[in-house]
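Asker: Here it is: the structure, laid out below.
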Amino acid sequence: MRRLPFVLMAGMILPILSLSGCSAGKGDPSVPSFAAASETSSPADDLGAVADFALTEQSGKTITLRDLRGKVWVASFLFTRCCTGCPRISADLLQLQKDLANTEGVLIVSFTVDPEHDTPNVLKAYADGLGADPKRWLFLTGKQPEIYRLIKDSFHLGVEQNQGEARKPGNEVTHSNRLIVVDRQGHIRGWDFDGTNPEDLPRLKQRVEELLREKS
């Protein structure tokens with residue numbers, strides 16, 4: 001049986017104790033807890049397949065995992081009324097969009113963690129305000145249980161609605177700041193990128209380019 005990197009083995013043993021949510025700054029304490037790689041014949045860095053989903057894009061179109069097959073994509077998790085970490089994540093993704101403007105076969109896919117508020121129209125206004133290219137950057141919403149299940153079970157990240165005194169305007173949801181890289185077959189192939197840290201962007205771009213060079 002293939003040995004997993006030590007950091008992933010640690011993630012299997014230690015539960016997620018806290019979530020970085022929309023806290024700005026370097027680092028993300030919600031380390032993914034990957035159970036195992038998918039197949040012994042898969043690359044050593046294959047952390048498993050993303051489960052199928054059917055979510056609504058800001059354009060109103062339904063997007064499924066099959067629609068992303070054949071693309072290398074970067075998954076992010078944010079919400080439009082966030083006033084702390086998410087603006088930094090969006091700014092970094094906008095820079096990534098610019099850096100990869102001449103690179104074919106790449107998508108950025110942002111999943112809202114506040115779907116009851118972030119309707120397709122709200123996401124469209126947000127995307128337009130950022131200057132996101134709708135052909136290269138998707139914004140997805142849907143039913144909260146489906147999105148949260150996908151984040152927790154497929155991406156192995158934490159997400160939760162804040163309650164009580166913790167729930168303040170702009171801080172309605174606590175979630176991970178990580179950016180996840182998915183290959184053309186829909187398998188997670190990179191996870192250690194902090195969306196609030198611009199210094200991680202060169203490594204993220206390099207990882208995307210490495211996956212694009214792989215044979216399908």
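Residue numbers start at 1 in each chain; chains themselves are named A, B, ... in the order of the structure tokens; ligands are numbered from 1 in the order shown.
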Please identify all polymer residues within 12 Å of A:Val122, counting only C-alpha atoms, omitting same-chain residues fewer than 6 positions from it, and present them as a list of chain:residue names.
Answerer: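 Counting only the stated atoms, we get A:Glu57, A:Gln58, A:Ser59, A:Gly60, A:Phe79, A:Thr80, A:Arg81, A:Thr112, A:Asp114, A:Pro115, A:Glu116, A:Asp128, A:Gly129, A:Phe139, A:Leu140, A:Thr141.
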Asker: Env of A:Gln95: 10 Å cut, atoms = only C-alpha atoms, seq-sep filter 5 positions within chain, self excluded. Answer as a list in words.
Answerer: Ile89, Ser90, Leu100, Ala101, Pro198 and Leu201 of chain A
Asker: Tell me, counting only C-alpha atoms, for each residue of stretch 30-105 of chain A within 7 Å of stretch 175-179 of chain A, which pair of atoms is nearest and how far apart they are in Å to one decimal, in rows ordered by chain and increasing number, as a tab-separated table.
Answerer:
residue	atom	partner	partner_atom	distance
A:Ser30	CA	A:Ser176	CA	6.3
A:Val74	CA	A:Leu179	CA	6.5
A:Ala75	CA	A:Leu179	CA	5.7
A:Ser76	CA	A:Leu179	CA	5.1
A:Phe77	CA	A:Asn177	CA	6.9
Asker: Quick one: everything within 7 Å of stretch 209-215 of chain A, counting only C-alpha atoms, minus sequence neighbours fewer than 3 positions away in the same chain. Send it as a PyMOL selection string.
Answerer: chain A and resi 72+183+205-206
Asker: Would you write out those residues with C-alpha atoms, as a short mmCIF file (atom, residue, chain, number, x, y, z; two decimals), in the first residue's frame?
Answerer:
data_model
loop_
_atom_site.label_atom_id
_atom_site.label_comp_id
_atom_site.auth_asym_id
_atom_site.auth_seq_id
_atom_site.Cartn_x
_atom_site.Cartn_y
_atom_site.Cartn_z
CA VAL A 72 -7.58 21.70 -14.58
CA ASP A 183 -6.93 17.66 -12.34
CA LYS A 205 0.35 28.49 -10.85
CA GLN A 206 3.25 26.03 -11.15
#
Asker: Excluding same-chain residues fewer than 5 positions from A:Arg207, what lies within 9 Å of it counting only C-alpha atoms, as a VMD selection string?
Answerer: chain A and resid 181 189 to 190 202 212
Asker: Could you write those residues out with C-alpha atoms, as an mmCIF file, in the first residue's frame?
Answerer:
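Full text of out_32.cif as output:
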data_model
loop_
_atom_site.group_PDB
_atom_site.id
_atom_site.type_symbol
_atom_site.label_atom_id
_atom_site.label_comp_id
_atom_site.auth_asym_id
_atom_site.auth_seq_id
_atom_site.Cartn_x
_atom_site.Cartn_y
_atom_site.Cartn_z
ATOM 1 C CA VAL A 181 -6.277 22.146 -7.376
ATOM 2 C CA ARG A 189 -3.941 17.016 -6.771
ATOM 3 C CA GLY A 190 -3.006 20.023 -4.625
ATOM 4 C CA PRO A 202 3.528 31.191 -7.858
ATOM 5 C CA LEU A 212 -1.789 20.613 -17.724
#
Asker: Counting only C-alpha atoms, which of A:Val173, A:Leu204, A:Ala91, A:Ala54 gets nearest to A:Lys143?
Answerer: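 Of A:Val173, A:Leu204, A:Ala91, A:Ala54, the one nearest A:Lys143, counting only C-alpha atoms, is A:Ala54.
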Asker: Considering only C-alpha atoms, can you say which of A:Ile188, A:Leu130, A:Val113, A:Leu123 comes closest to A:Asp92?
Answerer: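 Distance minimum relative to A:Asp92 lands on A:Leu130.
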Asker: Pull the strand (DSSP E) assignments for stretch 94-169 of chain A out of DSSP run on the backbone, and list those residues as a list of chain:residue names.
Answerer: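 Filtering stretch 94-169 of chain A to strand (DSSP E) leaves A:Val106, A:Leu107, A:Ile108, A:Val109, A:Ser110, A:Phe111, A:Thr112, A:Trp137, A:Leu138, A:Phe139, A:Leu140, A:Thr141, A:Val159, A:Glu160, A:Gln161.
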Asker: Any chance you could list, as a PyMOL selection string, the residues in stretch 57-152 of chain A that come up alpha helix (DSSP H) when DSSP is run on the backbone?
Answerer: chain A and resi 65-68+85-99+120-130+144-149
Asker: For A:Pro169, please output as a PDB file with C-alpha atoms, in the first residue's frame all residues within 9 Å (counting only C-alpha atoms; exclusion window: fewer than 3 positions along the same chain).
Answerer:
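Done, and the output landed in selection17.pdb:
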ATOM      1  CA  ARG A  81     -20.909  39.654   2.009  1.00  0.00           C
ATOM      2  CA  CYS A  82     -17.707  38.518   3.714  1.00  0.00           C
ATOM      3  CA  CYS A  83     -15.647  41.505   4.836  1.00  0.00           C
ATOM      4  CA  GLU A 172     -21.918  34.959   8.875  1.00  0.00           C
TER       5      GLU A 172
END
Asker: One decimal, Å: what's the distance from atom CA of A:Ser154 over to atom CA of A:Phe111, could you say?
Answerer: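 Between these atoms lies a distance of 12.9 Å.
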Asker: Grab the atom CA of A:Arg167 to atom CA of A:Lys124 distance for me, in Å with one decimal place.
Answerer: 24.8 Å
Asker: Can you tell me how far atom CA of A:Pro87 sits from atom CA of A:Val159, in Å to one decimal?
Answerer: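 So the two atoms, atom CA of A:Pro87 and atom CA of A:Val159, lie 17.5 Å apart.
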